[in-house]
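Here is the file data.csv (CSV, C-alpha atoms and all ligand atoms).
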```csv
chain,number,residue,atom,x,y,z
A,1,MET,CA,12.5,18.3,-19.6
A,2,ILE,CA,9.1,17.7,-18.0
A,3,LEU,CA,7.0,21.0,-17.7
A,4,MET,CA,3.7,21.5,-15.9
A,5,SER,CA,2.0,21.4,-19.3
A,6,ASP,CA,3.2,17.7,-19.6
A,7,ILE,CA,1.5,16.7,-16.4
A,8,ILE,CA,-2.1,15.4,-16.8
A,9,ARG,CA,-4.7,16.4,-14.3
A,10,GLU,CA,-7.6,14.6,-12.5
A,11,GLY,CA,-10.3,13.6,-14.9
A,12,HIS,CA,-7.7,12.2,-17.4
A,13,PRO,CA,-8.4,8.4,-17.8
A,14,THR,CA,-4.7,7.5,-17.5
A,15,LEU,CA,-4.8,8.5,-13.8
A,16,ARG,CA,-7.4,5.8,-13.2
A,17,GLN,CA,-5.6,3.1,-15.2
A,18,ARG,CA,-3.4,0.2,-13.8
A,19,ALA,CA,0.0,0.9,-15.3
A,20,GLU,CA,1.9,-1.8,-17.2
A,21,GLN,CA,5.0,-3.7,-16.0
A,22,VAL,CA,8.2,-2.6,-17.6
A,23,GLU,CA,10.5,-5.0,-19.5
A,24,PHE,CA,14.2,-5.2,-19.1
A,25,PRO,CA,16.7,-4.3,-20.5
A,26,LEU,CA,15.0,-0.9,-20.6
A,27,THR,CA,14.3,0.6,-24.0
A,28,GLU,CA,16.0,3.9,-24.7
A,29,GLU,CA,12.5,5.5,-24.4
A,30,ASN,CA,11.9,4.0,-20.9
A,31,ARG,CA,15.3,4.9,-19.6
A,32,LYS,CA,14.8,8.5,-20.8
A,33,LEU,CA,11.3,8.6,-19.2
A,34,ALA,CA,12.7,7.4,-15.9
A,35,GLU,CA,15.5,9.9,-15.9
A,36,GLU,CA,13.1,12.8,-16.9
A,37,LEU,CA,10.9,11.9,-13.9
A,38,MET,CA,13.8,12.2,-11.5
A,39,GLU,CA,15.0,15.4,-13.3
A,40,TYR,CA,11.5,17.0,-12.8
A,41,VAL,CA,11.6,16.3,-9.0
A,42,VAL,CA,15.1,17.7,-8.6
A,43,ASN,CA,14.2,20.8,-10.7
A,44,SER,CA,11.0,21.3,-8.8
A,45,GLN,CA,13.1,21.8,-5.6
A,46,ASP,CA,15.5,24.3,-7.2
A,47,GLU,CA,14.4,28.0,-6.7
A,48,GLU,CA,15.8,29.1,-10.1
A,49,MET,CA,14.2,26.3,-12.0
A,50,ILE,CA,10.9,26.8,-10.2
A,51,GLU,CA,11.0,30.5,-11.2
A,52,LYS,CA,12.2,30.0,-14.7
A,53,TYR,CA,9.8,27.2,-15.7
A,54,ASP,CA,7.0,27.9,-13.2
A,55,LEU,CA,7.3,24.4,-11.7
A,56,ARG,CA,5.1,23.1,-8.8
A,57,PRO,CA,7.5,21.7,-6.1
A,58,GLY,CA,7.3,17.9,-5.5
A,59,VAL,CA,9.2,15.1,-3.8
A,60,GLY,CA,7.9,12.5,-6.2
A,61,ILE,CA,6.3,11.9,-9.6
A,62,ALA,CA,4.9,8.8,-11.4
A,63,ALA,CA,5.0,8.0,-15.1
A,64,PRO,CA,1.2,7.9,-15.4
A,65,GLN,CA,1.2,11.6,-14.5
A,66,VAL,CA,2.9,12.4,-17.8
A,67,ASN,CA,0.4,10.1,-19.5
A,68,GLU,CA,2.8,7.1,-19.6
A,69,PRO,CA,0.9,4.2,-18.0
A,70,LYS,CA,4.1,2.4,-17.0
A,71,ARG,CA,5.2,1.2,-13.5
A,72,ILE,CA,8.0,3.7,-13.0
A,73,PHE,CA,8.2,6.6,-10.5
A,74,ALA,CA,10.9,8.8,-9.0
A,75,ILE,CA,11.2,10.1,-5.4
A,76,HIS,CA,13.8,12.7,-4.3
A,77,PHE,CA,14.5,14.3,-0.9
A,78,ASP,CA,17.5,16.6,-1.0
A,79,GLU,CA,19.9,16.6,1.9
A,80,GLU,CA,18.4,19.7,3.5
A,81,SER,CA,15.1,18.0,3.9
A,82,GLY,CA,16.8,15.7,6.4
A,83,GLU,CA,15.5,12.6,4.5
A,84,ASP,CA,18.1,11.1,2.2
A,85,LEU,CA,16.2,9.2,-0.3
A,86,SER,CA,16.6,9.6,-4.1
A,87,ILE,CA,15.2,6.6,-6.0
A,88,ILE,CA,14.0,5.6,-9.4
A,89,ALA,CA,11.6,2.7,-8.8
A,90,ILE,CA,10.7,0.4,-11.6
A,91,ASN,CA,8.0,-2.4,-11.1
A,92,PRO,CA,7.9,-1.4,-7.4
A,93,LYS,CA,6.1,-3.4,-4.8
A,94,ILE,CA,5.5,-3.4,-1.1
A,95,VAL,CA,6.6,-6.8,0.3
A,96,SER,CA,5.6,-6.1,3.9
A,97,HIS,CA,4.2,-3.3,6.1
A,98,SER,CA,3.5,-2.4,9.7
A,99,VAL,CA,0.1,-2.7,11.3
A,100,GLU,CA,0.6,0.9,12.6
A,101,LYS,CA,-0.6,3.6,10.2
A,102,ALA,CA,0.7,7.1,9.6
A,103,TYR,CA,-0.6,10.2,7.9
A,104,LEU,CA,0.7,13.7,7.1
A,105,ALA,CA,-0.8,16.1,9.6
A,106,SER,CA,-0.9,18.7,6.8
A,107,GLY,CA,-2.7,16.3,4.5
A,108,GLU,CA,-1.5,15.5,1.0
A,109,GLY,CA,-1.4,17.3,-2.4
A,110,CYS,CA,-0.8,16.0,-5.9
A,111,LEU,CA,0.7,17.6,-9.0
A,112,SER,CA,-2.2,16.2,-10.9
A,113,VAL,CA,-4.8,17.8,-8.6
A,114,ASP,CA,-5.2,21.6,-9.0
A,115,ARG,CA,-7.2,22.0,-5.8
A,116,SER,CA,-6.6,21.6,-2.1
A,117,ILE,CA,-8.4,18.6,-0.6
A,118,PRO,CA,-8.2,18.7,3.2
A,119,GLY,CA,-8.1,15.5,5.2
A,120,TYR,CA,-5.9,12.8,6.7
A,121,VAL,CA,-4.7,10.2,4.2
A,122,PRO,CA,-4.1,7.0,6.2
A,123,ARG,CA,-1.1,5.0,5.0
A,124,TYR,CA,1.3,2.3,6.5
A,125,ALA,CA,3.8,3.8,8.9
A,126,ARG,CA,6.6,1.5,7.9
A,127,ILE,CA,7.0,-0.5,4.7
A,128,THR,CA,9.6,-2.9,3.1
A,129,ILE,CA,9.7,-2.4,-0.7
A,130,LYS,CA,11.3,-4.1,-3.6
A,131,ALA,CA,11.9,-2.4,-7.0
A,132,PHE,CA,14.3,-2.4,-9.9
A,133,ASP,CA,16.8,0.3,-10.9
A,134,LEU,CA,17.7,1.5,-14.4
A,135,GLU,CA,20.2,-1.4,-14.8
A,136,GLY,CA,17.5,-3.9,-13.9
A,137,ASN,CA,19.1,-4.7,-10.5
A,138,GLU,CA,16.5,-5.4,-7.8
A,139,TYR,CA,16.8,-3.5,-4.6
A,140,LYS,CA,15.1,-3.7,-1.2
A,141,LEU,CA,14.5,-0.8,1.2
A,142,ARG,CA,12.8,-0.3,4.6
A,143,LEU,CA,11.0,3.1,4.6
A,144,LYS,CA,9.3,5.1,7.4
A,145,GLY,CA,8.1,8.6,7.9
A,146,LEU,CA,7.7,10.9,4.9
A,147,PRO,CA,9.6,8.6,2.5
A,148,ALA,CA,7.2,5.8,3.3
A,149,ILE,CA,4.2,8.1,2.7
A,150,ALA,CA,5.7,9.4,-0.6
A,151,PHE,CA,6.4,5.8,-1.8
A,152,GLN,CA,2.8,4.8,-1.2
A,153,HIS,CA,1.4,7.9,-2.9
A,154,GLU,CA,3.5,7.2,-6.0
A,155,LEU,CA,2.6,3.4,-5.9
A,156,ASP,CA,-1.0,4.4,-5.8
A,157,HIS,CA,-0.6,6.3,-9.1
A,158,LEU,CA,0.6,3.1,-10.7
A,159,ASN,CA,-2.7,1.5,-9.6
A,160,GLY,CA,-5.0,4.3,-10.6
A,161,VAL,CA,-5.6,5.5,-7.0
A,162,MET,CA,-5.6,9.1,-6.0
A,163,PHE,CA,-4.7,10.3,-2.5
A,164,TYR,CA,-8.2,11.6,-1.8
A,165,ASP,CA,-9.6,8.1,-2.3
A,166,HIS,CA,-8.3,7.3,1.2
A,167,ILE,CA,-9.8,10.4,2.9
A,168,ASN,CA,-12.8,9.7,5.2
A,169,SER,CA,-15.4,11.7,3.2
A,170,ASP,CA,-17.8,11.9,6.2
A,171,ASN,CA,-15.1,13.3,8.5
A,172,PRO,CA,-11.8,14.1,6.7
A,173,PHE,CA,-10.0,14.7,10.0
A,174,ALA,CA,-11.5,11.8,11.9
A,175,GLU,CA,-8.9,10.3,14.3
A,176,ILE,CA,-7.2,7.3,12.6
A,177,GLU,CA,-6.9,4.2,14.8
A,178,ASN,CA,-3.3,3.1,15.7
A,179,ALA,CA,-1.8,5.8,13.6
A,180,VAL,CA,1.0,8.4,14.0
A,181,ALA,CA,0.8,11.9,12.6
A,182,ILE,CA,3.8,13.1,10.6
A,183,THR,CA,4.4,16.8,10.9
A,184,ARG,CA,6.6,18.4,8.3
A,185,ASP,CA,6.8,22.0,6.9
A,186,ILE,CA,5.8,21.2,3.3
A,187,ALA,CA,6.4,24.5,1.7
A,188,GLU,CA,4.8,23.9,-1.7
B,201,LIG,C1,3.7,13.8,-3.7
B,201,LIG,C2,3.7,13.9,-2.2
B,201,LIG,C3,2.4,14.2,-1.6
B,201,LIG,C4,2.4,13.4,-0.2
B,201,LIG,C5,5.2,16.0,1.1
B,201,LIG,C6,5.6,17.1,0.1
B,201,LIG,C7,5.2,18.2,-1.9
B,201,LIG,C8,4.2,16.2,-3.9
B,201,LIG,C9,3.3,15.1,-4.4
B,201,LIG,C10,3.5,12.4,-0.2
B,201,LIG,C11,4.1,12.5,-1.6
B,201,LIG,C12,3.6,15.0,-5.9
B,201,LIG,C13,3.5,12.9,-7.0
B,201,LIG,C14,6.3,19.1,-1.6
B,201,LIG,C15,7.0,18.9,-0.5
B,201,LIG,C16,9.0,19.3,1.0
B,201,LIG,C17,10.5,19.2,0.6
B,201,LIG,C18,12.3,20.4,-0.3
B,201,LIG,C19,12.7,21.7,-0.9
B,201,LIG,C20,10.5,22.0,-1.8
B,201,LIG,C21,10.0,20.7,-1.2
B,201,LIG,C22,8.6,20.8,-0.8
B,201,LIG,F1,6.7,20.0,-2.5
B,201,LIG,N1,4.8,17.2,-1.0
B,201,LIG,N2,4.5,18.4,-3.0
B,201,LIG,N3,3.6,17.3,-3.5
B,201,LIG,N4,2.8,14.0,-6.5
B,201,LIG,N5,6.7,17.9,0.4
B,201,LIG,N6,8.2,19.6,-0.1
B,201,LIG,N7,10.8,20.5,0.0
B,201,LIG,O1,5.4,16.0,-3.9
B,201,LIG,O2,1.6,14.3,-7.0
B,201,LIG,O3,2.5,11.9,-7.4
B,201,LIG,O4,11.9,21.9,-2.1
B,202,NI,NI,0.5,12.6,-7.0
```

Could you spell out this file's structure in structure tokens?
Amino acid sequence: MILMSDIIREGHPTLRQRAEQVEFPLTEENRKLAEELMEYVVNSQDEEMIEKYDLRPGVGIAAPQVNEPKRIFAIHFDEESGEDLSIIAINPKIVSHSVEKAYLASGEGCLSVDRSIPGYVPRYARITIKAFDLEGNEYKLRLKGLPAIAFQHELDHLNGVMFYDHINSDNPFAEIENAVAITRDIAE
């Protein structure tokens, strides 16, 4: 299982690299990697596992964060969170997006960033994505709200982009044109 000690932190060159496309059929190694990414996210939302392994809660994690520069990530929102999205995305891409932007009113955090960086992270409010599952079947989804924000945060990791690259350094909480604020209790 993935532990915090497996998660690389900012400053590590892999976090600034463009990750490689994944070939199908998946190698046993890549299938195991994808499944372990999902396992981490699910574990990180389970009080006992958090306690036992000192995990930092997350709703997503990308392969580069465990020093695997491959275009794979997992996102998981459990039922309680009111968002039902639990996906492994391989070779994901955004095929279209809204003009309207959105941002988390509470800002964003990252398992690879051990400091709080305040500020709005402008992202697309609604996106249509395509990705492949473990069997190599392509799937298409329309996402909005927190799932859309999470998908864009993870996709950024595959392109060597960190959430704070989007924050207006002069005025981190400057009003964002044509954007909607997403308010969620993100108990990290
Ligand atoms: C990715 C997110 C940062 C902004 C929004 C949120 C948490 C992360 C980073 C968008 C994607 C990890 C991956 C949370 C969290 C709400 C749901 C369900 C019950 C606790 C959980 C807490 F932990 N971000 N952490 N950061 N990243 N919501 N929640 N709650 O997930 O670095 O690249 O369990
Ligand atoms: Ni992150």

Per-residue nearest contacts of chain A to ligand NI 202 (chain B) (8 Å; all atoms listed in the file) as CSV:
```
residue,atom,partner,partner_atom,distance
A:Gly60,CA,B:NI202,NI,7.4
A:Ile61,CA,B:NI202,NI,6.4
A:Ala62,CA,B:NI202,NI,7.3
A:Gln65,CA,B:NI202,NI,7.6
A:Gly109,CA,B:NI202,NI,6.8
A:Cys110,CA,B:NI202,NI,3.8
A:Leu111,CA,B:NI202,NI,5.4
A:Ser112,CA,B:NI202,NI,6.0
A:Val113,CA,B:NI202,NI,7.6
A:His153,CA,B:NI202,NI,6.3
A:Glu154,CA,B:NI202,NI,6.3
A:His157,CA,B:NI202,NI,6.7
A:Met162,CA,B:NI202,NI,7.1
A:Phe163,CA,B:NI202,NI,7.3
```

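Across the model, the gap from atom CA of Pro57 of chain A to atom CA of Val161 of chain A is 20.9 Å.
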
Using only C-alpha atoms and all ligand atoms, pick whichever of A:Ala74, A:Ile127, A:Ile90, A:Val99 has the shortest atom-to-atom distance to ligand LIG 201 (chain B).
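The answer is A:Ala74, which sits nearest to ligand LIG 201 (chain B).
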
Restricting the calculation to only C-alpha atoms and all ligand atoms: of A:Tyr124, A:Tyr164, A:Phe77, A:Tyr139, which residue gets closest to ligand LIG 201 (chain B)?
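Residue with the minimum atom-to-atom distance to ligand LIG 201 (chain B): A:Phe77.
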
Computed gap from atom CA of Val66 of chain A to atom CA of Gly11 of chain A is 13.6 Å

Skipping near chain neighbours, those fewer than 6 positions away, what residues fall within 7 Å of Leu104 of chain A using all atoms listed in the file, listed as a PyMOL selection string?
chain A and resi 120+181-183

Out of A:Asn137, A:Asn178, A:Gln152, A:Ser86, which residue has the shortest atom-to-atom distance to ligand LIG 201 (chain B) when counting all atoms listed in the file?
A:Gln152

Just want the 10 Å neighbourhood of Tyr40 of chain A, counted on all atoms listed in the file, with same-chain residues fewer than 5 positions away dropped. Output as a list of chain:residue names.
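With the cut-off at 10 Å, the set is A:Met1, A:Ile2, A:Leu3, A:Met4, A:Glu35, A:Gln45, A:Met49, A:Leu55, A:Arg56, A:Pro57, A:Gly58, A:Val59, A:Gly60, A:Ile61, A:Ala74, A:His76.
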
Which is closest to ligand LIG 201 (chain B) among A:Asp114, A:Asp156, A:Glu108, A:Asp170, if we use only C-alpha atoms and all ligand atoms?
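Selected residue with least distance to ligand LIG 201 (chain B): A:Glu108.
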
Give the answer as one residue: which of A:Gly136, A:Gly119, A:Pro172, A:Gly160 has the shortest atom-to-atom distance to Glu20 of chain A, using all atoms listed in the file?
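Smallest distance to Glu20 of chain A is found for A:Gly160.
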
Between A:Leu134, A:Arg16, A:Gly82, A:Ala89, single out the one closest to Glu29 of chain A, counting all atoms listed in the file.
A:Leu134

Within 9 Å of Glu135 of chain A, counting only C-alpha atoms, which residues qualify if same-chain residues fewer than 4 places away don't, as number ranges by chain?
A: 24-26

Mind pulling up the distance from atom CA of Arg123 of chain A to atom CA of Phe73 of chain A?
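Computing the Euclidean distance for atom CA of Phe73 of chain A and atom CA of Arg123 of chain A yields 18.1 Å.
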
Pro122 of chain A environment, 8 Å, only C-alpha atoms, sequence neighbours closer than 6 positions dropped, as a ChimeraX atom specification:
/A:101-103,166-167,176,179

Report as a PyMOL selection string all protein, DNA and RNA residues lying within 10 Å of Asn67 of chain A, evaluated on only C-alpha atoms, omitting residues in the same chain fewer than 5 positions from it.
chain A and resi 6-9+12-15+62

Nearby residues, (10.8, 3.6, 7.6) file frame, 10 Å, all atoms listed in the file, as a PyMOL selection string:
chain A and resi 97-98+124-128+141-149

Put those residues in a file: C-alpha atoms, as a PDB file, keeping the file's coordinate frame.
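Wrote it out as out_18.pdb, contents follow:
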```pdb
ATOM      1  CA  HIS A  97       4.200  -3.300   6.100  1.00  0.00           C
ATOM      2  CA  SER A  98       3.500  -2.400   9.700  1.00  0.00           C
ATOM      3  CA  TYR A 124       1.300   2.300   6.500  1.00  0.00           C
ATOM      4  CA  ALA A 125       3.800   3.800   8.900  1.00  0.00           C
ATOM      5  CA  ARG A 126       6.600   1.500   7.900  1.00  0.00           C
ATOM      6  CA  ILE A 127       7.000  -0.500   4.700  1.00  0.00           C
ATOM      7  CA  THR A 128       9.600  -2.900   3.100  1.00  0.00           C
ATOM      8  CA  LEU A 141      14.500  -0.800   1.200  1.00  0.00           C
ATOM      9  CA  ARG A 142      12.800  -0.300   4.600  1.00  0.00           C
ATOM     10  CA  LEU A 143      11.000   3.100   4.600  1.00  0.00           C
ATOM     11  CA  LYS A 144       9.300   5.100   7.400  1.00  0.00           C
ATOM     12  CA  GLY A 145       8.100   8.600   7.900  1.00  0.00           C
ATOM     13  CA  LEU A 146       7.700  10.900   4.900  1.00  0.00           C
ATOM     14  CA  PRO A 147       9.600   8.600   2.500  1.00  0.00           C
ATOM     15  CA  ALA A 148       7.200   5.800   3.300  1.00  0.00           C
ATOM     16  CA  ILE A 149       4.200   8.100   2.700  1.00  0.00           C
TER      17      ILE A 149
END
```
